[in-house]
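S.K.: Below is the file data_21.txt, which contains compact mmCIF, C-alpha atoms.
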```txt
# COMPACT_ATOMS: atom_id res chain seq x y z
CA MET Q 133 0.00 0.00 0.00
CA GLU Q 134 2.90 2.36 0.72
CA ALA Q 135 4.32 1.60 -2.73
CA ASP Q 136 0.92 2.30 -4.26
CA GLU Q 137 0.78 5.67 -2.47
CA ARG Q 138 4.05 6.69 -4.12
CA LYS Q 139 2.61 5.81 -7.53
CA ILE Q 140 -0.86 7.29 -7.08
CA LEU Q 141 -0.57 10.31 -4.78
CA ALA Q 142 0.71 13.70 -5.85
CA PRO Q 143 4.37 14.50 -5.06
CA PHE Q 144 3.28 17.04 -2.42
CA ALA Q 145 1.09 14.51 -0.56
CA GLN Q 146 2.20 13.19 2.82
CA LYS Q 147 3.14 9.55 2.23
CA SER Q 148 2.61 6.97 4.97
CA GLY Q 149 6.08 5.56 4.36
CA ASP Q 150 7.60 8.99 5.03
CA SER Q 151 5.91 9.48 8.39
CA ARG Q 152 8.14 10.98 11.07
CA GLY Q 153 6.83 8.23 13.30
CA ARG Q 154 5.47 7.98 16.81
CA LYS Q 155 6.75 9.33 20.11
CA TYR Q 156 6.99 5.79 21.46
CA PRO Q 157 8.41 3.41 18.82
CA GLU Q 158 6.19 0.49 17.86
CA PRO Q 159 6.54 -2.35 15.33
CA ARG Q 160 4.95 -1.61 11.97
CA HIS Q 161 1.60 -3.22 11.21
CA ALA Q 162 1.51 -6.08 8.72
CA TYR Q 163 -1.36 -4.83 6.52
CA ARG Q 164 -2.23 -1.29 7.53
CA THR Q 165 -0.38 1.93 6.81
CA GLU Q 166 0.56 4.19 9.69
CA PHE Q 167 -2.30 6.61 9.03
CA GLN Q 168 -4.87 3.83 8.64
CA ARG Q 169 -3.72 2.59 12.02
CA ASP Q 170 -4.17 6.07 13.51
CA ARG Q 171 -7.68 6.33 12.13
CA ALA Q 172 -8.60 3.03 13.80
CA ARG Q 173 -7.12 4.14 17.12
CA VAL Q 174 -9.21 7.30 17.06
CA ILE Q 175 -12.43 5.44 16.20
CA HIS Q 176 -11.87 2.96 19.04
CA ALA Q 177 -11.04 5.68 21.60
CA ARG Q 178 -13.46 6.22 24.47
CA ALA Q 179 -13.27 9.97 23.87
CA PHE Q 180 -14.53 9.40 20.32
CA ARG Q 181 -17.53 7.39 21.50
CA ARG Q 182 -18.44 10.08 24.01
CA LEU Q 183 -18.83 12.61 21.18
CA GLU Q 184 -22.24 11.03 20.50
CA TYR Q 185 -23.55 12.73 23.63
CA LYS Q 186 -21.86 16.12 23.29
CA THR Q 187 -23.63 19.20 21.97
CA GLN Q 188 -22.72 20.69 18.61
CA VAL Q 189 -24.98 23.80 18.73
CA PHE Q 190 -28.36 22.60 19.99
CA LEU Q 191 -28.22 20.98 23.42
CA ASN Q 192 -27.85 17.23 23.08
CA GLY Q 193 -31.21 15.49 23.42
CA THR Q 194 -33.38 18.40 22.22
CA GLY Q 195 -33.98 16.80 18.80
CA ASP Q 196 -33.40 13.35 17.36
CA HIS Q 197 -32.13 14.68 14.02
CA LEU Q 198 -29.85 17.46 15.26
CA ARG Q 199 -26.09 17.12 14.95
CA THR Q 200 -23.86 16.03 17.80
CA ARG Q 201 -20.08 16.27 18.03
CA LEU Q 202 -19.90 12.71 16.71
CA THR Q 203 -22.02 13.25 13.59
CA HIS Q 204 -20.18 16.52 13.01
CA SER Q 205 -16.82 14.71 13.10
CA ILE Q 206 -18.05 12.05 10.67
CA GLU Q 207 -19.24 14.76 8.25
CA VAL Q 208 -15.90 16.55 8.50
CA ALA Q 209 -14.13 13.27 7.72
CA SER Q 210 -16.32 12.68 4.66
CA ILE Q 211 -15.67 16.14 3.23
CA SER Q 212 -11.96 15.84 4.04
CA ARG Q 213 -11.71 12.63 2.04
CA THR Q 214 -13.50 14.21 -0.92
CA ILE Q 215 -11.14 17.19 -1.06
CA ALA Q 216 -8.04 15.07 -0.43
CA ARG Q 217 -9.00 12.66 -3.22
CA ALA Q 218 -9.64 15.49 -5.67
CA LEU Q 219 -6.23 17.04 -4.95
CA GLY Q 220 -4.32 13.75 -4.98
CA VAL Q 221 -3.21 13.83 -1.34
CA ASN Q 222 -3.49 11.29 1.47
CA GLU Q 223 -7.15 10.55 2.28
CA ASP Q 224 -6.31 8.34 5.27
CA LEU Q 225 -4.31 11.09 6.97
CA ALA Q 226 -6.92 13.77 6.28
CA GLU Q 227 -9.64 11.47 7.65
CA ALA Q 228 -7.71 10.56 10.80
CA ILE Q 229 -7.15 14.24 11.61
CA ALA Q 230 -10.81 15.05 10.92
CA LEU Q 231 -12.09 12.26 13.16
CA ALA Q 232 -9.77 13.32 16.01
CA HIS Q 233 -10.15 17.10 15.77
CA ASP Q 234 -12.92 17.43 18.38
CA LEU Q 235 -11.87 14.72 20.84
CA GLY Q 236 -11.08 17.42 23.39
CA HIS Q 237 -14.28 19.41 23.06
CA SER Q 238 -16.11 20.19 26.27
CA PRO Q 239 -19.78 19.39 26.93
CA PHE Q 240 -22.40 21.99 25.88
CA GLY Q 241 -20.66 23.07 22.68
CA HIS Q 242 -18.86 26.38 22.30
CA SER Q 243 -20.73 27.83 25.27
CA GLY Q 244 -19.27 25.08 27.42
CA GLU Q 245 -15.81 25.77 26.01
CA GLU Q 246 -16.12 29.46 26.90
CA MET Q 247 -17.24 28.62 30.43
CA LEU Q 248 -14.40 26.15 30.96
CA ALA Q 249 -11.94 28.73 29.63
CA GLU Q 250 -13.32 31.22 32.15
CA CYS Q 251 -12.92 28.70 34.98
CA MET Q 252 -9.31 28.11 33.87
CA ARG Q 253 -8.44 31.74 33.20
CA GLU Q 254 -5.93 31.90 36.09
CA HIS Q 255 -4.66 28.37 35.52
CA GLY Q 256 -3.46 28.13 31.93
CA GLY Q 257 -6.77 28.52 30.10
CA PHE Q 258 -8.70 26.02 28.01
CA ASP Q 259 -8.88 25.52 24.25
CA HIS Q 260 -10.56 22.48 22.72
CA ASN Q 261 -7.91 22.15 20.01
CA LYS Q 262 -5.14 21.89 22.60
CA GLN Q 263 -7.36 19.60 24.65
CA SER Q 264 -7.66 17.24 21.68
CA GLN Q 265 -3.87 16.96 21.75
CA ARG Q 266 -3.97 16.18 25.49
CA VAL Q 267 -6.54 13.46 24.84
CA VAL Q 268 -4.44 11.63 22.25
CA GLU Q 269 -1.09 12.24 23.96
CA LEU Q 270 -2.01 11.73 27.63
CA LEU Q 271 -5.60 11.15 28.69
CA GLU Q 272 -6.65 8.10 26.67
CA ALA Q 273 -5.44 5.01 28.52
CA ALA Q 274 -5.62 2.25 25.93
CA TYR Q 275 -2.11 0.80 26.10
CA PRO Q 276 0.06 -0.50 28.97
CA THR Q 277 3.43 0.83 27.78
CA PHE Q 278 2.66 4.47 26.96
CA PRO Q 279 0.07 7.19 27.67
CA GLY Q 280 -2.43 8.32 25.06
CA LEU Q 281 -2.88 6.80 21.61
CA ASN Q 282 0.71 7.30 20.39
CA LEU Q 283 -0.47 8.68 17.04
CA THR Q 284 1.95 9.60 14.29
CA PHE Q 285 3.54 13.02 14.20
CA GLU Q 286 1.48 13.95 11.14
CA VAL Q 287 -1.88 13.38 12.82
CA ARG Q 288 -0.77 15.23 15.96
CA GLU Q 289 0.50 18.06 13.75
CA GLY Q 290 -2.98 18.30 12.24
CA LEU Q 291 -4.57 18.74 15.67
CA ARG Q 292 -2.49 21.84 16.38
CA LYS Q 293 -4.97 24.12 14.66
CA HIS Q 294 -4.35 27.85 14.85
CA ASP Q 295 -0.70 27.47 15.93
CA GLU Q 296 1.38 30.25 14.38
CA THR Q 297 4.47 28.04 14.08
CA TYR Q 298 5.19 24.31 14.33
CA ASP Q 299 8.21 22.59 15.84
CA SER Q 300 9.87 19.99 13.64
CA PRO Q 301 10.46 16.62 15.31
CA VAL Q 302 13.79 16.42 13.49
CA ALA Q 303 16.69 18.02 15.36
CA GLY Q 304 18.08 21.09 13.63
CA GLU Q 305 15.11 21.69 11.32
CA GLY Q 306 13.71 24.50 13.47
CA LYS Q 307 10.17 25.87 13.13
CA TYR Q 308 7.85 26.02 10.14
CA LYS Q 309 4.59 27.87 9.44
CA CYS Q 310 2.29 25.41 7.67
CA PRO Q 311 1.21 21.86 8.42
CA SER Q 312 0.62 19.27 5.70
CA LEU Q 313 -1.99 19.79 3.01
CA GLU Q 314 -3.99 17.00 4.66
CA ALA Q 315 -4.08 18.95 7.93
CA GLN Q 316 -5.10 22.11 6.08
CA ILE Q 317 -7.89 20.17 4.34
CA ALA Q 318 -9.29 18.84 7.63
CA ASP Q 319 -9.25 22.37 9.05
CA LEU Q 320 -11.22 23.86 6.15
CA ALA Q 321 -13.55 20.85 5.95
CA ASP Q 322 -14.47 21.53 9.58
CA GLU Q 323 -15.52 25.05 8.59
CA ILE Q 324 -17.50 23.88 5.55
CA THR Q 325 -19.28 21.33 7.71
CA TYR Q 326 -20.40 23.56 10.52
CA TYR Q 327 -21.47 26.38 8.19
CA SER Q 328 -23.78 24.01 6.35
CA HIS Q 329 -25.12 21.80 9.11
CA ASP Q 330 -25.68 24.65 11.56
CA LEU Q 331 -27.91 26.22 8.91
CA ASP Q 332 -29.64 22.88 8.35
CA ASP Q 333 -30.25 22.28 12.06
CA ALA Q 334 -31.45 25.84 12.59
CA VAL Q 335 -34.09 25.41 9.88
CA ASP Q 336 -35.14 22.06 11.37
CA PHE Q 337 -35.28 23.69 14.81
CA GLU Q 338 -37.51 26.41 13.32
CA ILE Q 339 -35.47 29.41 14.40
CA LEU Q 340 -34.72 30.63 10.86
CA ALA Q 341 -37.32 31.84 8.36
CA ALA Q 342 -36.95 31.83 4.58
CA ARG Q 343 -36.74 35.62 4.35
CA GLN Q 344 -33.82 35.63 6.83
CA LEU Q 345 -31.92 33.00 4.89
CA GLU Q 346 -32.13 35.04 1.70
CA GLU Q 347 -29.99 37.70 3.45
CA THR Q 348 -26.87 35.62 2.85
CA ALA Q 349 -25.19 35.24 -0.52
CA VAL Q 350 -24.23 31.61 0.20
CA TRP Q 351 -27.88 30.63 0.66
CA ARG Q 352 -29.11 32.74 -2.29
CA TRP Q 353 -26.59 31.26 -4.72
CA SER Q 354 -27.51 27.69 -3.81
CA HIS Q 355 -31.24 28.44 -3.70
CA GLU Q 356 -31.05 29.77 -7.26
CA SER Q 357 -29.09 26.71 -8.38
CA VAL Q 358 -31.56 24.27 -6.81
CA SER Q 359 -34.62 26.14 -8.12
CA ALA Q 360 -33.23 26.10 -11.64
CA ARG Q 361 -32.72 22.34 -11.46
CA TYR Q 362 -35.87 21.46 -9.50
CA PRO Q 363 -38.41 24.24 -10.18
CA ASP Q 364 -41.31 22.40 -8.50
CA VAL Q 365 -39.61 21.31 -5.28
CA ARG Q 366 -41.04 22.60 -1.97
CA GLU Q 367 -40.25 22.28 1.73
CA PRO Q 368 -39.09 20.21 3.51
CA GLU Q 369 -37.13 18.81 0.56
CA LEU Q 370 -36.15 22.30 -0.68
CA HIS Q 371 -33.89 23.34 2.17
CA LYS Q 372 -32.20 19.92 2.27
CA LEU Q 373 -31.31 20.29 -1.40
CA ILE Q 374 -30.03 23.81 -0.75
CA ILE Q 375 -27.79 22.57 2.08
CA GLY Q 376 -26.40 19.90 -0.22
CA ALA Q 377 -25.77 22.51 -2.91
CA ILE Q 378 -23.97 24.74 -0.40
CA ILE Q 379 -21.62 21.92 0.58
CA ASP Q 380 -20.98 21.01 -3.05
CA ALA Q 381 -20.26 24.63 -4.00
CA GLN Q 382 -17.91 25.10 -1.03
CA VAL Q 383 -15.98 21.93 -1.84
CA ARG Q 384 -15.73 22.78 -5.55
CA ASP Q 385 -14.44 26.24 -4.70
CA VAL Q 386 -11.82 24.90 -2.27
CA VAL Q 387 -10.62 22.24 -4.72
CA THR Q 388 -10.22 24.55 -7.71
CA THR Q 389 -8.73 27.45 -5.72
CA SER Q 390 -6.34 25.17 -3.81
CA ALA Q 391 -5.22 23.35 -6.96
CA ASP Q 392 -4.28 26.70 -8.49
CA ALA Q 393 -2.45 27.77 -5.30
CA ILE Q 394 -0.50 24.49 -5.14
CA ALA Q 395 0.51 24.79 -8.79
CA ALA Q 396 1.56 28.42 -8.36
CA ALA Q 397 3.66 27.57 -5.29
CA GLY Q 398 5.45 24.80 -7.19
CA VAL Q 399 5.66 22.52 -4.17
CA GLN Q 400 7.15 19.09 -4.88
CA SER Q 401 7.01 17.42 -1.47
CA ALA Q 402 5.13 17.47 1.83
CA ASP Q 403 8.05 19.36 3.38
CA ASP Q 404 7.89 21.96 0.59
CA VAL Q 405 4.31 22.57 1.77
CA ARG Q 406 5.54 23.06 5.34
CA ARG Q 407 8.01 25.69 4.17
CA GLN Q 408 5.30 27.85 2.61
CA PRO Q 409 4.55 31.25 4.19
CA GLY Q 410 0.79 30.56 4.26
CA ALA Q 411 -1.85 27.89 3.75
CA LEU Q 412 -2.38 26.53 0.23
CA ILE Q 413 -5.81 25.04 0.96
CA ARG Q 414 -8.13 28.00 0.70
CA TYR Q 415 -11.34 29.52 -0.62
CA SER Q 416 -11.51 31.95 -3.49
CA ASP Q 417 -11.74 35.60 -2.42
CA GLU Q 418 -15.42 35.76 -3.40
CA ARG Q 419 -16.31 32.61 -1.45
CA SER Q 420 -14.23 33.68 1.55
CA GLU Q 421 -16.07 37.01 1.73
CA ALA Q 422 -19.45 35.27 1.42
CA ASN Q 423 -18.50 32.83 4.19
CA GLN Q 424 -17.58 35.68 6.51
CA GLU Q 425 -21.03 37.13 5.88
CA LEU Q 426 -22.55 33.72 6.64
CA ARG Q 427 -20.53 33.44 9.85
CA ARG Q 428 -21.84 36.81 11.06
CA PHE Q 429 -25.37 35.73 10.13
CA LEU Q 430 -25.07 32.50 12.15
CA TYR Q 431 -23.80 34.29 15.24
CA LYS Q 432 -26.56 36.88 15.05
CA ASN Q 433 -29.47 34.61 14.21
CA VAL Q 434 -28.54 31.13 15.50
CA TYR Q 435 -25.81 30.95 18.12
CA TYR Q 436 -27.19 33.89 20.13
CA HIS Q 437 -30.85 33.07 19.50
CA PRO Q 438 -32.74 32.96 22.84
CA ARG Q 439 -33.86 29.36 22.27
CA VAL Q 440 -30.20 28.35 21.94
CA ALA Q 441 -28.39 30.81 24.19
CA GLU Q 442 -30.68 30.56 27.23
CA VAL Q 443 -30.59 26.77 27.36
CA ASN Q 444 -26.81 26.78 26.94
CA ARG Q 445 -26.43 29.50 29.59
CA ARG Q 446 -28.25 27.41 32.20
CA ALA Q 447 -26.22 24.34 31.27
CA CYS Q 448 -22.96 26.28 31.53
CA GLU Q 449 -23.83 27.55 34.99
CA MET Q 450 -24.10 23.90 35.98
CA LEU Q 451 -20.65 23.31 34.45
CA ARG Q 452 -19.22 26.13 36.56
CA ALA Q 453 -20.86 24.76 39.71
CA VAL Q 454 -19.42 21.28 39.10
CA PHE Q 455 -15.95 22.72 38.41
CA GLU Q 456 -15.99 24.71 41.64
CA ALA Q 457 -17.29 21.73 43.62
CA TYR Q 458 -14.45 19.52 42.37
CA VAL Q 459 -11.86 22.16 43.26
CA ARG Q 460 -13.29 22.39 46.78
CA ALA Q 461 -13.55 18.61 47.16
CA PRO Q 462 -11.19 16.73 44.81
CA ASP Q 463 -12.28 13.42 46.34
CA LEU Q 464 -15.45 13.80 44.21
CA LEU Q 465 -13.32 13.06 41.13
CA GLY Q 466 -12.86 9.56 39.84
CA GLU Q 467 -9.88 7.56 41.07
CA GLY Q 468 -8.01 7.79 37.77
CA ALA Q 469 -8.33 11.57 37.65
CA THR Q 470 -7.33 11.96 41.30
CA ARG Q 471 -4.04 10.18 40.62
CA ARG Q 472 -3.10 12.90 38.08
CA ILE Q 473 -3.44 15.81 40.50
CA GLU Q 474 0.16 15.53 41.68
CA SER Q 475 1.61 15.65 38.14
CA GLU Q 476 -0.93 17.90 36.40
CA GLY Q 477 -2.16 20.14 39.21
CA LEU Q 478 -5.64 20.33 40.69
CA HIS Q 479 -7.25 22.80 38.29
CA ARG Q 480 -5.88 21.15 35.14
CA THR Q 481 -7.00 17.75 36.40
CA VAL Q 482 -10.50 19.07 37.07
CA CYS Q 483 -10.52 20.70 33.63
CA ASP Q 484 -9.48 17.45 31.93
CA TYR Q 485 -12.18 15.54 33.78
CA ILE Q 486 -14.97 17.96 32.92
CA ALA Q 487 -13.85 18.42 29.30
CA GLY Q 488 -14.19 14.67 28.84
CA MET Q 489 -17.77 14.56 30.11
CA THR Q 490 -20.84 14.13 27.97
CA ASP Q 491 -23.67 16.60 28.44
CA ARG Q 492 -25.70 13.93 30.19
CA TYR Q 493 -22.95 12.96 32.62
CA LEU Q 494 -22.31 16.58 33.57
CA LEU Q 495 -26.00 17.05 34.40
CA GLU Q 496 -25.85 13.92 36.56
CA GLU Q 497 -22.70 15.15 38.29
CA HIS Q 498 -24.33 18.52 38.97
CA LYS Q 499 -27.11 16.78 40.83
CA ARG Q 500 -24.61 14.58 42.69
CA VAL Q 501 -22.40 17.45 43.88
CA GLN Q 502 -25.45 19.47 44.89
CA ASP Q 503 -26.77 16.53 46.92
CA ASN Q 504 -23.32 16.04 48.45
CA GLU Q 505 -23.10 19.68 49.54
CA VAL Q 506 -26.57 19.83 51.12
CA SER Q 507 -26.32 16.49 52.95
CA PRO Q 508 -25.54 16.75 56.69
```
Would you write out, as structure tokens, the structure that this file holds?

M.R.:
Amino acid sequence: MEADERKILAPFAQKSGDSRGRKYPEPRHAYRTEFQRDRARVIHARAFRRLEYKTQVFLNGTGDHLRTRLTHSIEVASISRTIARALGVNEDLAEAIALAHDLGHSPFGHSGEEMLAECMREHGGFDHNKQSQRVVELLEAAYPTFPGLNLTFEVREGLRKHDETYDSPVAGEGKYKCPSLEAQIADLADEITYYSHDLDDAVDFEILAARQLEETAVWRWSHESVSARYPDVREPELHKLIIGAIIDAQVRDVVTTSADAIAAAGVQSADDVRRQPGALIRYSDERSEANQELRRFLYKNVYYHPRVAEVNRRACEMLRAVFEAYVRAPDLLGEGATRRIESEGLHRTVCDYIAGMTDRYLLEEHKRVQDNEVSP
């Protein structure tokens, strides 16, 4: 399979056989490449399974068809594979990064992340991207001889979203500014996914009206395209077709724009990509501007909508209460977490524990700590 990659993939793709390896050396697998092995480790991780019960935007359990962190991650992986395949780069690596990118996300979505960051403000802060790294490098306990999942450097590199510079694992190579194309693809696929499915869920949740949606160029363009192809279609099929058209248009734009950028840069290897001054996986200027408009629209009309914000606010107050209760009484933590207090510190240990919770478990813990504090 590694030989096939060298024949099939573009010269600037990250090849499995060229991986910089794992922190803890392991024997190679007989019939899986390194990145296929990483993908399997992520899928089998407990943190991955818990994503099923973590909020994306709408509080988990408020609707059977609304996205969760798990379905979001699967959609990101699907889009990542499509873009990677079109550009001739490593689909397995892009998929592994996509599936792992939200392993460190807190319960209650971005509202929960903001609350946990507030609780940790004096103790090193909290960021779900960095927390995903902690999950795969430390917190997952799947193997007896090392902590974490011991993923390849290339997958861990892809989880370091928003880092300004990256440290090379090879002595003397110094810092570089860009991760692999596969990492860049997973990053942009994440954005494509949440733009489209947050719109879809908001329509299903009945907090967006047709006249509001027409305010955004992204929706208008796809509405016109769908109407031209299916002039007689009506709701509820109409908005599903529009969402599909939005995703297709975003992916087409990224593929064509990125292919031009890669050709113009003249990169001939994965390390040539890393030496670039900026990302090569990108939107066109027109699409980027339209997406910024869509982002503002979503914040104004969805993320801060009373039916979303008020529920999340109450849930986040419970998160704060549980955090403070654990700090006051660390014996409330599980045995495994308690053992890490000496090495990681109390606040970071509490943060790790809460970040790993599902929405449902945090609600249960809130009741438990309340009952513990009021009991004689």

S.K.: List the spatial neighbours of segment 304-321 of chain Q as a PyMOL selection string - criterion: any atom at most 8 Å away, only C-alpha atoms, same-chain residues fewer than 5 positions off excluded.

M.R.: chain Q and resi 145-146+208-209+211-212+215-216+221-223+225-227+229-230+286-287+289-291+293+296-299+402-403+405-414

S.K.: Hey, what's within 6 Å of segment 234-243 of chain Q if we count all atoms listed in the file and toss same-chain stuff fewer than 2 positions away? As a PyMOL selection string, please?

M.R.: chain Q and resi 179-180+186-189+232+245-246+260+263-264+487+490-491

S.K.: For each of Q:Ala397, Q:Ile339, Q:Ala135, Q:Ile473, take the minimum atom-to-atom distance to Pro438 of chain Q, counting all atoms listed in the file, then give the residue where this is smallest.

M.R.: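 Counting all atoms listed in the file, the residue closest to Pro438 of chain Q is Q:Ile339.
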
S.K.: Applying 6 Å and all atoms listed in the file, which residues near segment 374-385 of chain Q remain after dropping the ones on its own chain fewer than 4 positions away? List them as a list of chain:residue names.

M.R.: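 My reading of the contact set: Q:Ser354, Q:His355, Q:Thr389.
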
S.K.: Can you tell me how far atom CA of Met450 of chain Q sits from atom CA of Gly488 of chain Q, in Å to one decimal?

M.R.: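 Taking atom CA of Met450 of chain Q and atom CA of Gly488 of chain Q, their separation equals 15.3 Å.
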
S.K.: Here is a test: counting all atoms listed in the file, which residue of Q:Val387, Q:Ala360, Q:Val268, Q:Ala441 is nearest to Gly220 of chain Q?

M.R.: Q:Val387

S.K.: Using all atoms listed in the file, which of Q:Pro363, Q:Asn261, Q:Leu426, Q:Leu281 sits nearest Glu346 of chain Q?

M.R.: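 That would be Q:Leu426, the residue with the smallest distance to Glu346 of chain Q.
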
S.K.: Extract, using all atoms listed in the file, all DNA, RNA and protein residues at most 8 Å from segment 332-335 of chain Q, discarding same-chain residues fewer than 4 positions from it, and format them as a list in words.

M.R.: Leu198, Arg199, Ser328, Ile339, Leu340, Ala341, His371, Lys372, Ile375 and Val434 of chain Q

S.K.: What is the distance between atom CA of Arg152 of chain Q and atom CA of Arg472 of chain Q, in Å to one decimal?

M.R.: 29.3 Å

S.K.: At a cut-off of 9 Å, using all atoms listed in the file, what residues contact Ile486 of chain Q? Leave out same-chain residues fewer than 5 positions from it and give the result as a list in words.

M.R.: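 Here the qualifying residues turn out to be Ser238, Pro239, Leu248, Leu451, Val454, Phe455, Thr481 and Leu494 of chain Q.
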
S.K.: Kindly give the distance, in Å, that separates atom CA of Cys448 of chain Q and atom CA of Thr203 of chain Q, rounded to a single decimal.

M.R.: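 One can read the atom CA of Cys448 of chain Q to atom CA of Thr203 of chain Q distance as 22.2 Å.
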
S.K.: Could you check which of Q:Leu345, Q:Arg500, Q:Tyr431, Q:Val386 is closest to Thr214 of chain Q, using all atoms listed in the file?

M.R.: Q:Val386

S.K.: Using only C-alpha atoms, can you tell me which of Q:Arg178, Q:Arg154, Q:Val399, Q:Asp336 comes closest to Asp196 of chain Q?

M.R.: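 Nearest candidate to Asp196 of chain Q out of Q:Arg178, Q:Arg154, Q:Val399, Q:Asp336: Q:Asp336.
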
S.K.: Could you check the closest approach to Glu505 of chain Q for each of Q:Arg471, Q:Arg492, Q:Leu141, Q:Leu464 and tell me which residue wins, using only C-alpha atoms?

M.R.: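 Nearest candidate to Glu505 of chain Q out of Q:Arg471, Q:Arg492, Q:Leu141, Q:Leu464: Q:Leu464.
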